[in-house]
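Engineer: Got entry.cif for you, mmCIF, N, CA and C atoms:
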data_start
loop_
_atom_site.group_PDB
_atom_site.id
_atom_site.type_symbol
_atom_site.label_atom_id
_atom_site.label_comp_id
_atom_site.auth_asym_id
_atom_site.auth_seq_id
_atom_site.Cartn_x
_atom_site.Cartn_y
_atom_site.Cartn_z
ATOM 1 N N MET X 8 -19.199 18.416 -25.039
ATOM 2 C CA MET X 8 -18.450 17.857 -23.937
ATOM 3 C C MET X 8 -17.422 16.868 -24.485
ATOM 4 N N ASN X 9 -16.177 17.015 -24.099
ATOM 5 C CA ASN X 9 -15.110 16.098 -24.494
ATOM 6 C C ASN X 9 -14.837 15.113 -23.372
ATOM 7 N N VAL X 10 -14.739 13.855 -23.733
ATOM 8 C CA VAL X 10 -14.466 12.805 -22.754
ATOM 9 C C VAL X 10 -13.155 12.135 -23.138
ATOM 10 N N ALA X 11 -12.301 11.919 -22.171
ATOM 11 C CA ALA X 11 -11.015 11.267 -22.422
ATOM 12 C C ALA X 11 -11.255 9.824 -22.849
ATOM 13 N N PRO X 12 -10.451 9.339 -23.768
ATOM 14 C CA PRO X 12 -10.598 7.933 -24.189
ATOM 15 C C PRO X 12 -10.320 6.983 -23.038
ATOM 16 N N LEU X 13 -10.948 5.822 -23.076
ATOM 17 C CA LEU X 13 -10.829 4.857 -21.987
ATOM 18 C C LEU X 13 -9.586 3.995 -22.062
ATOM 19 N N SER X 14 -8.887 3.996 -23.169
ATOM 20 C CA SER X 14 -7.723 3.116 -23.296
ATOM 21 C C SER X 14 -6.654 3.473 -22.274
ATOM 22 N N GLY X 15 -6.188 2.469 -21.547
ATOM 23 C CA GLY X 15 -5.113 2.659 -20.582
ATOM 24 C C GLY X 15 -5.560 3.089 -19.198
ATOM 25 N N THR X 16 -6.802 3.445 -19.005
ATOM 26 C CA THR X 16 -7.231 3.932 -17.695
ATOM 27 C C THR X 16 -7.359 2.812 -16.675
ATOM 28 N N ALA X 17 -7.634 1.590 -17.122
ATOM 29 C CA ALA X 17 -7.797 0.486 -16.184
ATOM 30 C C ALA X 17 -6.511 0.242 -15.397
ATOM 31 N N VAL X 18 -5.370 0.321 -16.048
ATOM 32 C CA VAL X 18 -4.097 0.125 -15.357
ATOM 33 C C VAL X 18 -3.866 1.250 -14.369
ATOM 34 N N GLN X 19 -4.118 2.464 -14.784
ATOM 35 C CA GLN X 19 -3.929 3.603 -13.893
ATOM 36 C C GLN X 19 -4.872 3.502 -12.703
ATOM 37 N N ASP X 20 -6.112 3.121 -12.932
ATOM 38 C CA ASP X 20 -7.057 2.989 -11.824
ATOM 39 C C ASP X 20 -6.620 1.877 -10.873
ATOM 40 N N HIS X 21 -6.112 0.796 -11.406
ATOM 41 C CA HIS X 21 -5.657 -0.316 -10.574
ATOM 42 C C HIS X 21 -4.499 0.138 -9.674
ATOM 43 N N VAL X 22 -3.581 0.869 -10.241
ATOM 44 C CA VAL X 22 -2.436 1.369 -9.467
ATOM 45 C C VAL X 22 -2.911 2.355 -8.412
ATOM 46 N N ALA X 23 -3.813 3.253 -8.794
ATOM 47 C CA ALA X 23 -4.331 4.239 -7.838
ATOM 48 C C ALA X 23 -5.063 3.553 -6.692
ATOM 49 N N LEU X 24 -5.857 2.550 -6.998
ATOM 50 C CA LEU X 24 -6.573 1.832 -5.940
ATOM 51 C C LEU X 24 -5.611 1.108 -5.004
ATOM 52 N N ALA X 25 -4.543 0.543 -5.555
ATOM 53 C CA ALA X 25 -3.543 -0.120 -4.720
ATOM 54 C C ALA X 25 -2.870 0.888 -3.793
ATOM 55 N N GLU X 26 -2.553 2.068 -4.310
ATOM 56 C CA GLU X 26 -1.926 3.106 -3.483
ATOM 57 C C GLU X 26 -2.870 3.579 -2.385
ATOM 58 N N ILE X 27 -4.137 3.739 -2.721
ATOM 59 C CA ILE X 27 -5.129 4.159 -1.729
ATOM 60 C C ILE X 27 -5.264 3.100 -0.639
ATOM 61 N N GLU X 28 -5.265 1.828 -1.041
ATOM 62 C CA GLU X 28 -5.356 0.746 -0.061
ATOM 63 C C GLU X 28 -4.155 0.752 0.882
ATOM 64 N N LEU X 29 -2.961 0.950 0.339
ATOM 65 C CA LEU X 29 -1.767 0.994 1.186
ATOM 66 C C LEU X 29 -1.801 2.184 2.144
ATOM 67 N N CYS X 30 -2.267 3.330 1.666
ATOM 68 C CA CYS X 30 -2.402 4.500 2.553
ATOM 69 C C CYS X 30 -3.381 4.208 3.679
ATOM 70 N N GLY X 31 -4.471 3.542 3.340
ATOM 71 C CA GLY X 31 -5.444 3.159 4.363
ATOM 72 C C GLY X 31 -4.848 2.230 5.397
ATOM 73 N N GLU X 32 -4.049 1.264 4.924
ATOM 74 C CA GLU X 32 -3.385 0.347 5.846
ATOM 75 C C GLU X 32 -2.456 1.107 6.797
ATOM 76 N N LEU X 33 -1.727 2.085 6.254
ATOM 77 C CA LEU X 33 -0.836 2.885 7.105
ATOM 78 C C LEU X 33 -1.618 3.700 8.125
ATOM 79 N N ILE X 34 -2.730 4.269 7.704
ATOM 80 C CA ILE X 34 -3.559 5.071 8.620
ATOM 81 C C ILE X 34 -4.091 4.194 9.750
ATOM 82 N N ILE X 35 -4.561 3.006 9.410
ATOM 83 C CA ILE X 35 -5.070 2.085 10.430
ATOM 84 C C ILE X 35 -3.959 1.698 11.400
ATOM 85 N N ALA X 36 -2.786 1.362 10.864
ATOM 86 C CA ALA X 36 -1.663 0.984 11.730
ATOM 87 C C ALA X 36 -1.236 2.145 12.618
ATOM 88 N N ALA X 37 -1.212 3.346 12.059
ATOM 89 C CA ALA X 37 -0.803 4.515 12.843
ATOM 90 C C ALA X 37 -1.805 4.810 13.955
ATOM 91 N N SER X 38 -3.083 4.645 13.672
ATOM 92 C CA SER X 38 -4.088 4.929 14.697
ATOM 93 C C SER X 38 -4.060 3.887 15.813
ATOM 94 N N ALA X 39 -3.587 2.686 15.502
ATOM 95 C CA ALA X 39 -3.518 1.623 16.508
ATOM 96 C C ALA X 39 -2.192 1.608 17.257
ATOM 97 N N ALA X 40 -1.224 2.389 16.806
ATOM 98 C CA ALA X 40 0.110 2.375 17.425
ATOM 99 C C ALA X 40 0.068 3.051 18.790
ATOM 100 N N SER X 41 0.545 2.351 19.791
ATOM 101 C CA SER X 41 0.553 2.916 21.138
ATOM 102 C C SER X 41 1.767 3.808 21.366
ATOM 103 N N GLU X 42 2.812 3.613 20.562
ATOM 104 C CA GLU X 42 4.046 4.385 20.767
ATOM 105 C C GLU X 42 4.028 5.745 20.066
ATOM 106 N N GLY X 43 2.942 6.089 19.410
ATOM 107 C CA GLY X 43 2.833 7.401 18.769
ATOM 108 C C GLY X 43 3.199 7.385 17.307
ATOM 109 N N ARG X 44 4.442 7.059 16.992
ATOM 110 C CA ARG X 44 4.892 7.006 15.606
ATOM 111 C C ARG X 44 5.194 5.569 15.228
ATOM 112 N N LEU X 45 4.992 5.275 13.954
ATOM 113 C CA LEU X 45 5.354 3.954 13.465
ATOM 114 C C LEU X 45 6.850 3.903 13.187
ATOM 115 N N SER X 46 7.479 2.826 13.575
ATOM 116 C CA SER X 46 8.892 2.649 13.265
ATOM 117 C C SER X 46 9.020 2.305 11.780
ATOM 118 N N ALA X 47 10.217 2.465 11.253
ATOM 119 C CA ALA X 47 10.466 2.126 9.848
ATOM 120 C C ALA X 47 10.180 0.643 9.615
ATOM 121 N N ASP X 48 10.533 -0.197 10.581
ATOM 122 C CA ASP X 48 10.264 -1.630 10.444
ATOM 123 C C ASP X 48 8.767 -1.917 10.399
ATOM 124 N N ARG X 49 7.993 -1.222 11.232
ATOM 125 C CA ARG X 49 6.539 -1.423 11.244
ATOM 126 C C ARG X 49 5.919 -0.935 9.936
ATOM 127 N N ILE X 50 6.403 0.170 9.405
ATOM 128 C CA ILE X 50 5.904 0.671 8.119
ATOM 129 C C ILE X 50 6.185 -0.349 7.024
ATOM 130 N N ASP X 51 7.404 -0.893 7.012
ATOM 131 C CA ASP X 51 7.750 -1.917 6.026
ATOM 132 C C ASP X 51 6.840 -3.135 6.164
ATOM 133 N N GLU X 52 6.532 -3.501 7.398
ATOM 134 C CA GLU X 52 5.652 -4.643 7.643
ATOM 135 C C GLU X 52 4.244 -4.364 7.105
ATOM 136 N N VAL X 53 3.714 -3.181 7.396
ATOM 137 C CA VAL X 53 2.373 -2.810 6.938
ATOM 138 C C VAL X 53 2.310 -2.773 5.414
ATOM 139 N N LEU X 54 3.355 -2.247 4.791
ATOM 140 C CA LEU X 54 3.382 -2.129 3.331
ATOM 141 C C LEU X 54 3.851 -3.407 2.648
ATOM 142 N N ARG X 55 4.161 -4.437 3.442
ATOM 143 C CA ARG X 55 4.619 -5.726 2.913
ATOM 144 C C ARG X 55 5.821 -5.559 1.987
ATOM 145 N N VAL X 56 6.799 -4.776 2.440
ATOM 146 C CA VAL X 56 7.995 -4.502 1.650
ATOM 147 C C VAL X 56 8.792 -5.780 1.412
ATOM 148 N N ALA X 57 8.911 -6.642 2.411
ATOM 149 C CA ALA X 57 9.692 -7.868 2.262
ATOM 150 C C ALA X 57 9.116 -8.752 1.162
ATOM 151 N N ASP X 58 7.785 -8.722 0.981
ATOM 152 C CA ASP X 58 7.155 -9.528 -0.061
ATOM 153 C C ASP X 58 7.546 -9.047 -1.461
ATOM 154 N N ALA X 59 7.838 -7.764 -1.596
ATOM 155 C CA ALA X 59 8.160 -7.190 -2.899
ATOM 156 C C ALA X 59 9.630 -7.329 -3.256
ATOM 157 N N LEU X 60 10.477 -7.641 -2.274
ATOM 158 C CA LEU X 60 11.907 -7.777 -2.522
ATOM 159 C C LEU X 60 12.226 -9.160 -3.070
ATOM 160 N N PRO X 61 13.251 -9.243 -3.934
ATOM 161 C CA PRO X 61 13.672 -10.561 -4.404
ATOM 162 C C PRO X 61 14.107 -11.423 -3.225
ATOM 163 N N GLY X 62 13.561 -12.615 -3.135
ATOM 164 C CA GLY X 62 13.882 -13.501 -2.017
ATOM 165 C C GLY X 62 13.163 -13.126 -0.753
ATOM 166 N N GLY X 63 12.204 -12.192 -0.843
ATOM 167 C CA GLY X 63 11.464 -11.756 0.331
ATOM 168 C C GLY X 63 10.571 -12.864 0.851
ATOM 169 N N THR X 64 10.187 -12.731 2.099
ATOM 170 C CA THR X 64 9.337 -13.741 2.714
ATOM 171 C C THR X 64 7.939 -13.188 2.858
ATOM 172 N N SER X 65 6.988 -14.067 2.849
ATOM 173 C CA SER X 65 5.595 -13.647 3.009
ATOM 174 C C SER X 65 5.161 -13.698 4.460
ATOM 175 N N GLY X 66 6.078 -14.096 5.345
ATOM 176 C CA GLY X 66 5.734 -14.205 6.754
ATOM 177 C C GLY X 66 5.083 -15.522 7.108
ATOM 178 N N GLU X 67 4.974 -16.422 6.115
ATOM 179 C CA GLU X 67 4.370 -17.721 6.344
ATOM 180 C C GLU X 67 5.441 -18.789 6.313
ATOM 181 N N ASP X 68 6.119 -18.990 7.421
ATOM 182 C CA ASP X 68 7.194 -19.997 7.483
ATOM 183 C C ASP X 68 6.653 -21.337 7.844
#
Now, as a test, write the supplied structure out as structure tokens.
Structural biologist:
Amino acid sequence: MNVAPLSGTAVQDHVALAEIELCGELIIAASAASEGRLSADRIDEVLRVADALPGGTSGED
């Protein structure tokens, strides 16, 4: 049995877990949306896009 080396997998797993978490957040938001579809602004809010942009706000004014 051949097993892949462990070097570098922690970063990949961390990224994969972050992506899975964001997908889960979108699914939860979509299931709670009364208007049927999420607007682009609501998707950005759920994914915290403004936080990732230079000069973005965290929503805590």
Engineer: In Å, how far is it from atom CA of X:Gly31 to atom CA of X:Ile50?
Structural biologist: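 Straight-line distance from atom CA of X:Gly31 to atom CA of X:Ile50 works out to 12.2 Å.
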Engineer: Can you tell me which residues surround X:Val53 at a distance of at most 7 Å, considering only C-alpha atoms, apart from same-chain residues fewer than 4 positions away, and format the answer as an MDAnalysis selection string?
Structural biologist: chainID X and resid 32:33 49
Engineer: Those selected residues, please, written with N, CA and C atoms and delivered as a short mmCIF file (atom, residue, chain, number, x, y, z; two decimals), keeping the file's coordinate frame.
Structural biologist:
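Just written: result-v4.cif:
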data_model
loop_
_atom_site.label_atom_id
_atom_site.label_comp_id
_atom_site.auth_asym_id
_atom_site.auth_seq_id
_atom_site.Cartn_x
_atom_site.Cartn_y
_atom_site.Cartn_z
N GLU X 32 -4.05 1.26 4.92
CA GLU X 32 -3.38 0.35 5.85
C GLU X 32 -2.46 1.11 6.80
N LEU X 33 -1.73 2.08 6.25
CA LEU X 33 -0.84 2.88 7.10
C LEU X 33 -1.62 3.70 8.12
N ARG X 49 7.99 -1.22 11.23
CA ARG X 49 6.54 -1.42 11.24
C ARG X 49 5.92 -0.94 9.94
#
Engineer: Atom CA of X:Glu26 and atom CA of X:Val56, how far apart in Å?
Structural biologist: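 For atom CA of X:Val56 relative to atom CA of X:Glu26, the distance reads 13.5 Å.
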Engineer: Do you have the atom C of X:Ile34-atom N of X:Leu54 distance handy?
Structural biologist: 11.0 Å
Engineer: Within stretch 17-52 of chain X, find each residue whose DSSP state, derived from the backbone, is helix (DSSP H, G or I), and express the selection as a PyMOL selection string.
Structural biologist: chain X and resi 17-39+47-52
Engineer: How big is the axis-aligned box around all listed atoms of stretch 49-56 of chain X once 5 Å goes on each side, and where's its centre, in Å to one decimal, as lines of an AutoDock Vina configuration file?
Structural biologist:
center_x = 5.6
center_y = -2.6
center_z = 6.3
size_x = 16.5
size_y = 16.5
size_z = 19.8
